[in-house]
Structure formats: C-alpha cells, structure tokens
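> This is the structure I want to talk about, given as structure tokens.
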Amino acid sequence: MNVHLIDGTYELFRHFFAVPSALDVDRNEVGAVRGVLASVLGLLEGGATHVGVATDHVVESFRNQLYAGYKTSEGVPAPLLSQFPVLEEALQSMGVVVWPMVPYEADDALGSAAAKAALDDRVTQAIICTPDKDLAQCVVGERVVQLDRRQNILRDEAAVVAKFGVKPASIPDYLAVVGDSSDGYPGLPGWGPKAAALTFSQYPHFEDIPKDWRQWNPAIRGAQRLAGVLFEQWNDALLYRCLATLQLDVPVFEDIDELRWKGPTAEFEQYCRRIQYEGLNKRAIAAAANR
C-alpha cells in the first residue's frame with residue numbers, strides 16, 4: 001500500500017489564493033476549505049487508500065520560543081486563518097485522519113508520520129504531499145518520497161540530491177546557512193545555495209567541516225570567507241539548523257490501519273450543506289462505494 005500524507009496548511013494557503021471566494025450559510029468565508037476538501041477527495045477518488053492530513057492549528061509553534069524572528073500569524077489574512085478549524089472539522093467529518101498541530105508544526109507531523117509508516121512492511125511508499133523544502137530531509141531512497149501535487153513532481157532521494165546538491169540528511173544544515181524567508185530566519189551572510197551545495201556534498205554536517213579553511217575540498221570556492229562566517233556565527237548556524245530540523249517523534253498514529261479511508265461520516269452531509277457544497281457528499285459516498 002501507499003500512504004499519502006498531506007500538508008493541510010500548504011493546501012489551505014494555496015487554495016485561498018487560487019479559488020474564488022465562497023460563503024457558508026452563515027456568510028463566513030469557506031472557499032479555501034471547499035477547495036481543499038475537493039482536492040483531498042480527488043486523491044481518494046484516484047485510488048489513495050491510506051491518508052493523513054497535518055495542519056498548523058495555530059501558526060505559532062515551539063520554534064517561536066527558540067527564535068523571536070520565527071514566522072507568526074502576523075500578516076496572514078483573517079479570512080484565511082478563520083478557515084483552519086473549519087477545514088479540520090470538515091476533513092474529519094469526511095472520514096479523513098487529521099493532525100491539528102500544537103505546539104508542533106504540520107511539517108513535524110508529516111515527518112513523524114512518514115518515518116512511522118516506513119517502519120511498516122506493508123507500506124510500499126510513504127508519500128509526503130507538499131512542495132515544502134523542509135520535508136526534503138525526510139526523503140529516504142524511493143520509500144519515503146515527496147510529491148508536489150500541483151506540478152505533479154515526485155521527488156525521491158536521487159531527485160533531492162539533483163535539486164539541492166546534498167543528501168536529505170544535510171537539508172537542515174543547508175537551510176540553516178542559506179536561510180528560509182518563509183520561516184523567518186536569515187541564514188548566514190555570503191552562503192548561497194551553490195556554496196552550501198558544494199560544502200555539504202563534501203561535509204554532511206557543520207561538525208564535519210574543517211575549522212581550517214585550507215583543509216577544505218579545493219572544489220569549494222571562497223572557502224576562507226565561508227569558513228570565517230560560519231565559525232564566527234557558529235551559534236546562529238546551530239540555532240537556524242535547530243529551527244530547520246523536523247521533530248520525528250510527534251504522536252500521530254499507532255497503527256497504519258488507522259489511516260485507511262472508509263468513507264464519509266454521517267455528519268458530512270450536514271457539513272456539506274453548511275458550506276453550500278452538497279455535491280461533495282455525493283462524490284464521497286460514491287468514492288467509498290467503489291472501494
């Protein structure tokens with residue numbers, strides 16, 4: 001079997017900016033919720049059997065305690081934020097397992113679920129459905145892979161190396177020096193993607209890098225400058241790597257069978273009426289009947 005692990009936060013953001021506005025019976029914005037529900041149901045109609053969705057129940061996480069500049073909900077449109085709890089309830093009523101994350105992030109749940117699914121011999125592939133580069137660190141061979149559903153790009157370990165120039169295990173070190181504007185940490189001055197790829201392809205982690213730049217692999221240009229910045233800002237680099245490293249021990253499921261979709265619950269019809277999308281319930285019932 002394949003296990004599909006969906007980044008609900010990414011999907012909600014994507015649909016909020018991509019689909020027309022739609023209101024529920026109480027005149028609340030639910031356009032993005034409707035879009036995500038249809039998207040997840042489309043995956044189930046396409047043959048997915050075991051599905052879990054992770055969401056950021058609140059944008060802030062334990063990482064905000066580690067670094068004041070880490071991403072917050074500031075600037076996120078209120079009509080988008082208000083749809084998170086609606087989406088979580090709607091997916092659950094559709095019979096889909098949901099992990100609303102507090103104080104962790106959705107990415108932590110996805111990484112944890114992928115790692116746990118990979119331990120089950122019945123699982124052929126754990127497919128992490130998100131283009132988020134943080135999740136590249138969780139890719140393992142062809143067993144745990146990353147799928148960008150919007151562009152239909154499936155990325156295994158070889159593809160991660162082709163894209164970033166480093167193996168999955170080095171992604172947190174790579175992101176720490178390059179920075180991640182979406183998460184709010186700046187990286188280190190002068191460390192661009194090319195320098196990071198050359199360095200971490202030779203030395204997987206910070207601790208493997210020689211302190212004497214003259215001992216660096218000659219293929220790495222500007223080694224003296226890069227070494228100077230890294231070791232002068234060593235504590236910052238370690239902090240950024242900590243921010244970029246996903247937690248893989250988040251409680252998600254006990255047994256993979258918990259993720260098997262068995263169809264919508266009895267409450268889903270009422271939920272579809274609430275969001276004025278009654279055709280979705282008929283599709284869900286039909287999809288379950290075709291199992």
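Chain labels A, B, ... are given in the sequence in which chains occur in the structure tokens; within each chain residues are numbered consecutively from 1, and ligands are likewise numbered from 1 in the order shown.
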DSSP on the backbone: what in stretch 55-244 of chain A comes out strand (DSSP E or B), as a ChimeraX atom specification?
/A:55-56,97-101,125-129,140,144-148,153-155,180,185
> Based on the selection just made, write N, CA, C and O atoms of those residues as a compact mmCIF listing (two decimals), in the first residue's frame.

```txt
# COMPACT_ATOMS: atom_id res chain seq x y z
N THR A 55 -2.16 19.84 9.92
CA THR A 55 -2.41 21.27 9.82
C THR A 55 -1.72 22.00 10.97
O THR A 55 -1.44 21.41 12.02
N ASP A 56 -1.45 23.27 10.76
CA ASP A 56 -0.99 24.14 11.84
C ASP A 56 -2.24 24.72 12.50
O ASP A 56 -2.83 25.68 12.00
N VAL A 97 -8.25 11.23 8.54
CA VAL A 97 -7.49 11.47 9.76
C VAL A 97 -6.80 12.83 9.67
O VAL A 97 -6.16 13.14 8.65
N VAL A 98 -6.93 13.63 10.72
CA VAL A 98 -6.33 14.97 10.75
C VAL A 98 -5.48 15.12 12.00
O VAL A 98 -5.89 14.69 13.08
N TRP A 99 -4.31 15.75 11.83
CA TRP A 99 -3.43 16.05 12.96
C TRP A 99 -3.31 17.57 13.08
O TRP A 99 -2.47 18.19 12.42
N PRO A 100 -4.12 18.22 13.93
CA PRO A 100 -4.01 19.66 14.14
C PRO A 100 -2.87 19.93 15.13
O PRO A 100 -2.96 19.57 16.29
N MET A 101 -1.82 20.58 14.67
CA MET A 101 -0.60 20.67 15.47
C MET A 101 -0.53 21.86 16.41
O MET A 101 -0.69 23.00 16.01
N GLN A 125 5.21 2.82 -0.26
CA GLN A 125 5.75 4.18 -0.24
C GLN A 125 4.98 5.05 0.73
O GLN A 125 3.75 4.95 0.82
N ALA A 126 5.72 5.89 1.45
CA ALA A 126 5.12 6.98 2.20
C ALA A 126 5.31 8.23 1.36
O ALA A 126 6.45 8.63 1.09
N ILE A 127 4.22 8.83 0.94
CA ILE A 127 4.26 9.96 0.01
C ILE A 127 3.87 11.23 0.75
O ILE A 127 2.71 11.39 1.16
N ILE A 128 4.83 12.13 0.95
CA ILE A 128 4.59 13.39 1.64
C ILE A 128 4.15 14.41 0.60
O ILE A 128 4.94 14.83 -0.25
N CYS A 129 2.90 14.82 0.68
CA CYS A 129 2.32 15.67 -0.36
C CYS A 129 2.49 17.14 0.01
O CYS A 129 1.61 17.76 0.62
N VAL A 140 13.67 9.21 1.94
CA VAL A 140 14.55 8.05 2.13
C VAL A 140 14.46 7.17 0.90
O VAL A 140 13.44 6.50 0.66
N VAL A 144 10.38 6.72 1.12
CA VAL A 144 9.73 7.94 1.58
C VAL A 144 10.03 9.02 0.56
O VAL A 144 11.20 9.38 0.36
N VAL A 145 9.00 9.50 -0.10
CA VAL A 145 9.19 10.44 -1.20
C VAL A 145 8.33 11.68 -0.97
O VAL A 145 7.46 11.71 -0.10
N GLN A 146 8.60 12.70 -1.76
CA GLN A 146 7.89 13.97 -1.65
C GLN A 146 7.16 14.23 -2.96
O GLN A 146 7.73 14.07 -4.04
N LEU A 147 5.90 14.64 -2.87
CA LEU A 147 5.09 14.87 -4.06
C LEU A 147 4.54 16.29 -4.07
O LEU A 147 3.86 16.70 -3.12
N ASP A 148 4.86 17.01 -5.12
CA ASP A 148 4.24 18.31 -5.36
C ASP A 148 3.03 18.02 -6.24
O ASP A 148 3.15 17.82 -7.45
N ILE A 153 5.15 16.62 -9.45
CA ILE A 153 6.56 16.27 -9.39
C ILE A 153 6.77 15.35 -8.18
O ILE A 153 6.49 15.74 -7.06
N LEU A 154 7.25 14.15 -8.45
CA LEU A 154 7.55 13.19 -7.39
C LEU A 154 9.06 13.18 -7.17
O LEU A 154 9.83 13.01 -8.12
N ARG A 155 9.48 13.40 -5.93
CA ARG A 155 10.91 13.56 -5.66
C ARG A 155 11.39 12.48 -4.68
O ARG A 155 11.01 12.48 -3.51
N ASP A 180 15.72 30.74 5.26
CA ASP A 180 14.39 30.41 4.77
C ASP A 180 13.47 31.58 5.10
O ASP A 180 13.04 31.75 6.24
N TYR A 185 14.01 32.94 9.23
CA TYR A 185 15.40 33.03 9.66
C TYR A 185 16.29 33.32 8.45
O TYR A 185 16.05 32.81 7.36
```
> Using 12 Å as the limit and counting only C-alpha atoms, can you tabulate each residue of stretch 32-87 of chain A that touches stretch 258-266 of chain A, with its shortest atom-to-atom distance in Å and the two atoms involved, as a tab-separated table?

```
residue	atom	partner	partner_atom	distance
A:Leu37	CA	A:Pro264	CA	11.7
A:Val40	CA	A:Trp261	CA	11.3
A:Leu41	CA	A:Gly263	CA	10.0
A:Leu43	CA	A:Trp261	CA	11.2
A:Leu44	CA	A:Trp261	CA	8.1
A:Glu45	CA	A:Gly263	CA	10.8
A:Gly47	CA	A:Trp261	CA	10.5
A:Ala48	CA	A:Trp261	CA	8.4
A:Thr49	CA	A:Arg260	CA	5.6
A:His50	CA	A:Arg260	CA	4.2
A:Val51	CA	A:Leu259	CA	5.3
A:Gly52	CA	A:Leu259	CA	6.1
A:Val53	CA	A:Leu259	CA	9.7
```
> Skipping near chain neighbours, those fewer than 2 positions away, what residues fall within 8 Å of A:Gln83 using only C-alpha atoms, listed as a PDB file with N, CA and C atoms, in the first residue's frame?

```pdb
ATOM      1  N   GLU A  29     -16.390  32.990   5.180  1.00  0.00           N
ATOM      2  CA  GLU A  29     -15.581  32.580   4.031  1.00  0.00           C
ATOM      3  C   GLU A  29     -15.144  31.123   4.166  1.00  0.00           C
ATOM      4  N   VAL A  30     -15.424  30.307   3.147  1.00  0.00           N
ATOM      5  CA  VAL A  30     -15.048  28.886   3.157  1.00  0.00           C
ATOM      6  C   VAL A  30     -14.537  28.427   1.795  1.00  0.00           C
ATOM      7  N   ALA A  32     -11.536  28.372   0.450  1.00  0.00           N
ATOM      8  CA  ALA A  32     -10.337  27.533   0.514  1.00  0.00           C
ATOM      9  C   ALA A  32     -10.662  26.162   1.090  1.00  0.00           C
ATOM     10  N   VAL A  33     -11.541  26.117   2.091  1.00  0.00           N
ATOM     11  CA  VAL A  33     -11.955  24.830   2.668  1.00  0.00           C
ATOM     12  C   VAL A  33     -12.576  23.954   1.596  1.00  0.00           C
ATOM     13  N   PRO A  79      -9.549  36.083   6.926  1.00  0.00           N
ATOM     14  CA  PRO A  79     -10.440  35.084   6.316  1.00  0.00           C
ATOM     15  C   PRO A  79      -9.749  33.757   6.015  1.00  0.00           C
ATOM     16  N   LEU A  80      -8.417  33.774   5.945  1.00  0.00           N
ATOM     17  CA  LEU A  80      -7.666  32.527   5.780  1.00  0.00           C
ATOM     18  C   LEU A  80      -7.478  31.834   7.124  1.00  0.00           C
ATOM     19  N   LEU A  81      -7.041  32.584   8.127  1.00  0.00           N
ATOM     20  CA  LEU A  81      -6.848  31.993   9.450  1.00  0.00           C
ATOM     21  C   LEU A  81      -8.128  31.366   9.986  1.00  0.00           C
ATOM     22  N   PRO A  85      -9.746  25.905  11.540  1.00  0.00           N
ATOM     23  CA  PRO A  85     -10.583  24.983  12.318  1.00  0.00           C
ATOM     24  C   PRO A  85     -11.732  24.398  11.503  1.00  0.00           C
ATOM     25  N   VAL A  86     -12.248  25.159  10.558  1.00  0.00           N
ATOM     26  CA  VAL A  86     -13.325  24.662   9.701  1.00  0.00           C
ATOM     27  C   VAL A  86     -12.818  23.500   8.856  1.00  0.00           C
ATOM     28  N   LEU A  87     -11.622  23.664   8.278  1.00  0.00           N
ATOM     29  CA  LEU A  87     -11.044  22.599   7.460  1.00  0.00           C
ATOM     30  C   LEU A  87     -10.820  21.337   8.276  1.00  0.00           C
TER      31      LEU A  87
END
```
> Contacts of A:Glu254 at 12 Å or less, counting only C-alpha atoms, minus same-chain residues fewer than 3 places along, as a ChimeraX atom specification?
/A:112-113,116-117,119-120,250-251,257-259
> Could those selected residues go to a file with all heavy atoms, as a PDB file, in the first residue's frame?

```pdb
ATOM      1  N   SER A 112       7.017  12.857  11.066  1.00  0.00           N
ATOM      2  CA  SER A 112       6.822  11.775  12.031  1.00  0.00           C
ATOM      3  C   SER A 112       5.985  10.653  11.418  1.00  0.00           C
ATOM      4  O   SER A 112       6.288   9.470  11.588  1.00  0.00           O
ATOM      5  CB  SER A 112       6.136  12.301  13.290  1.00  0.00           C
ATOM      6  OG  SER A 112       6.937  13.259  13.952  1.00  0.00           O
ATOM      7  N   ALA A 113       4.915  11.027  10.720  1.00  0.00           N
ATOM      8  CA  ALA A 113       4.049  10.030  10.097  1.00  0.00           C
ATOM      9  C   ALA A 113       4.785   9.253   9.014  1.00  0.00           C
ATOM     10  O   ALA A 113       4.619   8.032   8.882  1.00  0.00           O
ATOM     11  CB  ALA A 113       2.808  10.709   9.523  1.00  0.00           C
ATOM     12  N   LYS A 116       7.197   6.799  10.652  1.00  0.00           N
ATOM     13  CA  LYS A 116       6.497   5.669  11.256  1.00  0.00           C
ATOM     14  C   LYS A 116       5.931   4.744  10.182  1.00  0.00           C
ATOM     15  O   LYS A 116       5.995   3.514  10.301  1.00  0.00           O
ATOM     16  CB  LYS A 116       5.383   6.166  12.172  1.00  0.00           C
ATOM     17  CG  LYS A 116       4.685   5.052  12.925  1.00  0.00           C
ATOM     18  CD  LYS A 116       4.213   5.495  14.282  1.00  0.00           C
ATOM     19  CE  LYS A 116       3.781   4.298  15.108  1.00  0.00           C
ATOM     20  NZ  LYS A 116       3.468   4.669  16.495  1.00  0.00           N
ATOM     21  N   ALA A 117       5.371   5.317   9.134  1.00  0.00           N
ATOM     22  CA  ALA A 117       4.816   4.496   8.048  1.00  0.00           C
ATOM     23  C   ALA A 117       5.897   3.641   7.395  1.00  0.00           C
ATOM     24  O   ALA A 117       5.656   2.489   7.022  1.00  0.00           O
ATOM     25  CB  ALA A 117       4.149   5.398   7.015  1.00  0.00           C
ATOM     26  N   LEU A 119       8.289   2.196   8.680  1.00  0.00           N
ATOM     27  CA  LEU A 119       8.647   1.045   9.505  1.00  0.00           C
ATOM     28  C   LEU A 119       7.730  -0.150   9.269  1.00  0.00           C
ATOM     29  O   LEU A 119       8.047  -1.270   9.674  1.00  0.00           O
ATOM     30  CB  LEU A 119       8.602   1.426  10.993  1.00  0.00           C
ATOM     31  CG  LEU A 119       9.581   2.505  11.460  1.00  0.00           C
ATOM     32  CD1 LEU A 119       9.328   2.847  12.917  1.00  0.00           C
ATOM     33  CD2 LEU A 119      11.016   2.047  11.255  1.00  0.00           C
ATOM     34  N   ASP A 120       6.599   0.083   8.631  1.00  0.00           N
ATOM     35  CA  ASP A 120       5.608  -0.968   8.404  1.00  0.00           C
ATOM     36  C   ASP A 120       5.906  -1.668   7.082  1.00  0.00           C
ATOM     37  O   ASP A 120       5.928  -1.023   6.024  1.00  0.00           O
ATOM     38  CB  ASP A 120       4.205  -0.358   8.390  1.00  0.00           C
ATOM     39  CG  ASP A 120       3.105  -1.399   8.495  1.00  0.00           C
ATOM     40  OD1 ASP A 120       3.180  -2.420   7.774  1.00  0.00           O
ATOM     41  OD2 ASP A 120       2.167  -1.204   9.296  1.00  0.00           O
ATOM     42  N   VAL A 250       6.596  13.070  16.956  1.00  0.00           N
ATOM     43  CA  VAL A 250       5.277  13.625  17.260  1.00  0.00           C
ATOM     44  C   VAL A 250       4.245  12.498  17.235  1.00  0.00           C
ATOM     45  O   VAL A 250       4.232  11.690  16.298  1.00  0.00           O
ATOM     46  CB  VAL A 250       4.900  14.712  16.226  1.00  0.00           C
ATOM     47  CG1 VAL A 250       3.492  15.211  16.463  1.00  0.00           C
ATOM     48  CG2 VAL A 250       5.898  15.855  16.289  1.00  0.00           C
ATOM     49  N   PRO A 251       3.369  12.407  18.226  1.00  0.00           N
ATOM     50  CA  PRO A 251       2.332  11.361  18.209  1.00  0.00           C
ATOM     51  C   PRO A 251       1.379  11.568  17.029  1.00  0.00           C
ATOM     52  O   PRO A 251       0.762  12.628  16.901  1.00  0.00           O
ATOM     53  CB  PRO A 251       1.591  11.566  19.542  1.00  0.00           C
ATOM     54  CG  PRO A 251       2.538  12.339  20.402  1.00  0.00           C
ATOM     55  CD  PRO A 251       3.322  13.204  19.463  1.00  0.00           C
ATOM     56  N   ASP A 257      -3.303   1.098   9.893  1.00  0.00           N
ATOM     57  CA  ASP A 257      -4.698   0.880   9.520  1.00  0.00           C
ATOM     58  C   ASP A 257      -5.597   2.033   9.952  1.00  0.00           C
ATOM     59  O   ASP A 257      -6.704   2.193   9.411  1.00  0.00           O
ATOM     60  CB  ASP A 257      -5.213  -0.432  10.128  1.00  0.00           C
ATOM     61  CG  ASP A 257      -4.589  -1.656   9.466  1.00  0.00           C
ATOM     62  OD1 ASP A 257      -4.190  -1.547   8.284  1.00  0.00           O
ATOM     63  OD2 ASP A 257      -4.474  -2.701  10.124  1.00  0.00           O
ATOM     64  N   GLU A 258      -5.148   2.827  10.908  1.00  0.00           N
ATOM     65  CA  GLU A 258      -5.923   3.993  11.339  1.00  0.00           C
ATOM     66  C   GLU A 258      -6.090   5.002  10.209  1.00  0.00           C
ATOM     67  O   GLU A 258      -7.020   5.813  10.230  1.00  0.00           O
ATOM     68  CB  GLU A 258      -5.242   4.670  12.529  1.00  0.00           C
ATOM     69  CG  GLU A 258      -5.150   3.821  13.789  1.00  0.00           C
ATOM     70  CD  GLU A 258      -4.280   4.473  14.843  1.00  0.00           C
ATOM     71  OE1 GLU A 258      -4.240   5.732  14.900  1.00  0.00           O
ATOM     72  OE2 GLU A 258      -3.625   3.743  15.602  1.00  0.00           O
ATOM     73  N   LEU A 259      -5.198   4.952   9.214  1.00  0.00           N
ATOM     74  CA  LEU A 259      -5.231   5.925   8.125  1.00  0.00           C
ATOM     75  C   LEU A 259      -6.093   5.470   6.952  1.00  0.00           C
ATOM     76  O   LEU A 259      -6.278   6.224   5.990  1.00  0.00           O
ATOM     77  CB  LEU A 259      -3.811   6.213   7.628  1.00  0.00           C
ATOM     78  CG  LEU A 259      -2.803   6.705   8.673  1.00  0.00           C
ATOM     79  CD1 LEU A 259      -1.503   7.101   7.999  1.00  0.00           C
ATOM     80  CD2 LEU A 259      -3.360   7.862   9.489  1.00  0.00           C
TER      81      LEU A 259
END
```
> Find the residues near A:Asp183: any atom within 10 Å, counting only C-alpha atoms, skip ones fewer than 2 places away on the same chain, and give them as a PyMOL selection string.
chain A and resi 63+69-72+134+179-181+185-186+243-244
> Between A:Ser201, A:Tyr104, A:Leu23, A:Ala114, which one has atoms that come closest to A:Val3, using only C-alpha atoms?
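Nearest to A:Val3: A:Ala114.
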> DSSP on the backbone: what in stretch 241-271 of chain A comes out helix (DSSP H, G or I), as a list in words?
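Put together, the selection reads Arg241, Cys242, Leu243, Ala244, Ile256, Asp257, Glu258, Leu259, Phe268, Glu269, Gln270 and Tyr271 of chain A.
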> Dump N, CA, C and O atoms for the selected residues as a PDB file, in the first residue's frame?

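What landed in part.pdb:
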```
ATOM      1  N   ARG A 241      19.817  25.727  12.254  1.00  0.00           N
ATOM      2  CA  ARG A 241      19.679  24.303  11.930  1.00  0.00           C
ATOM      3  C   ARG A 241      18.627  23.655  12.820  1.00  0.00           C
ATOM      4  O   ARG A 241      17.853  22.801  12.371  1.00  0.00           O
ATOM      5  N   CYS A 242      18.597  24.058  14.088  1.00  0.00           N
ATOM      6  CA  CYS A 242      17.593  23.539  15.004  1.00  0.00           C
ATOM      7  C   CYS A 242      16.191  23.897  14.509  1.00  0.00           C
ATOM      8  O   CYS A 242      15.275  23.063  14.542  1.00  0.00           O
ATOM      9  N   LEU A 243      16.025  25.126  14.040  1.00  0.00           N
ATOM     10  CA  LEU A 243      14.735  25.558  13.519  1.00  0.00           C
ATOM     11  C   LEU A 243      14.336  24.760  12.282  1.00  0.00           C
ATOM     12  O   LEU A 243      13.144  24.475  12.069  1.00  0.00           O
ATOM     13  N   ALA A 244      15.328  24.403  11.473  1.00  0.00           N
ATOM     14  CA  ALA A 244      15.054  23.704  10.218  1.00  0.00           C
ATOM     15  C   ALA A 244      14.870  22.202  10.397  1.00  0.00           C
ATOM     16  O   ALA A 244      14.360  21.530   9.491  1.00  0.00           O
ATOM     17  N   ILE A 256      -0.926   1.711  11.122  1.00  0.00           N
ATOM     18  CA  ILE A 256      -1.161   2.282   9.801  1.00  0.00           C
ATOM     19  C   ILE A 256      -2.617   2.116   9.366  1.00  0.00           C
ATOM     20  O   ILE A 256      -3.146   2.919   8.578  1.00  0.00           O
ATOM     21  N   ASP A 257      -3.303   1.098   9.893  1.00  0.00           N
ATOM     22  CA  ASP A 257      -4.698   0.880   9.520  1.00  0.00           C
ATOM     23  C   ASP A 257      -5.597   2.033   9.952  1.00  0.00           C
ATOM     24  O   ASP A 257      -6.704   2.193   9.411  1.00  0.00           O
ATOM     25  N   GLU A 258      -5.148   2.827  10.908  1.00  0.00           N
ATOM     26  CA  GLU A 258      -5.923   3.993  11.339  1.00  0.00           C
ATOM     27  C   GLU A 258      -6.090   5.002  10.209  1.00  0.00           C
ATOM     28  O   GLU A 258      -7.020   5.813  10.230  1.00  0.00           O
ATOM     29  N   LEU A 259      -5.198   4.952   9.214  1.00  0.00           N
ATOM     30  CA  LEU A 259      -5.231   5.925   8.125  1.00  0.00           C
ATOM     31  C   LEU A 259      -6.093   5.470   6.952  1.00  0.00           C
ATOM     32  O   LEU A 259      -6.278   6.224   5.990  1.00  0.00           O
ATOM     33  N   PHE A 268     -21.073  14.305   7.530  1.00  0.00           N
ATOM     34  CA  PHE A 268     -20.506  15.018   6.389  1.00  0.00           C
ATOM     35  C   PHE A 268     -21.586  15.665   5.526  1.00  0.00           C
ATOM     36  O   PHE A 268     -21.387  16.766   5.000  1.00  0.00           O
ATOM     37  N   GLU A 269     -22.725  15.013   5.383  1.00  0.00           N
ATOM     38  CA  GLU A 269     -23.809  15.595   4.590  1.00  0.00           C
ATOM     39  C   GLU A 269     -24.225  16.949   5.153  1.00  0.00           C
ATOM     40  O   GLU A 269     -24.392  17.922   4.413  1.00  0.00           O
ATOM     41  N   GLN A 270     -24.353  17.010   6.476  1.00  0.00           N
ATOM     42  CA  GLN A 270     -24.722  18.270   7.115  1.00  0.00           C
ATOM     43  C   GLN A 270     -23.624  19.311   6.939  1.00  0.00           C
ATOM     44  O   GLN A 270     -23.905  20.496   6.729  1.00  0.00           O
ATOM     45  N   TYR A 271     -22.367  18.860   6.996  1.00  0.00           N
ATOM     46  CA  TYR A 271     -21.259  19.794   6.823  1.00  0.00           C
ATOM     47  C   TYR A 271     -21.257  20.367   5.412  1.00  0.00           C
ATOM     48  O   TYR A 271     -20.995  21.559   5.215  1.00  0.00           O
TER      49      TYR A 271
END
```
> Find the residues around A:Ser170 up to 9 Å (only C-alpha atoms counted), leave out those fewer than 4 positions away in its own chain, and share them as a list in words.
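The residues that qualify are Gln137, Val166, Tyr174, Leu175, Phe200, Ser201, Tyr203, Pro204 and His205 of chain A.
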> Measuring between only C-alpha atoms, which one of A:Ala176, A:Val25, A:Val160, A:Ala78 shows the shortest distance to A:Asp236?
A:Ala176
> Here is a test: counting only C-alpha atoms, which residue of A:Glu11, A:Lys163, A:Arg283, A:Cys272 is nearest to A:Glu89?
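The answer is A:Cys272, which sits nearest to A:Glu89.
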> Choose the residue, out of A:Arg150, A:Glu74, A:Leu110, A:Met94, that has the smallest atom-to-atom separation from A:Ala18; count only C-alpha atoms.
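Between A:Arg150, A:Glu74, A:Leu110, A:Met94, the residue approaching A:Ala18 most closely is A:Arg150.
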> Atom CA of A:Ala22 and atom CA of A:Gly8 are how many Å apart?
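Between atom CA of A:Ala22 and atom CA of A:Gly8 the gap is 18.7 Å.
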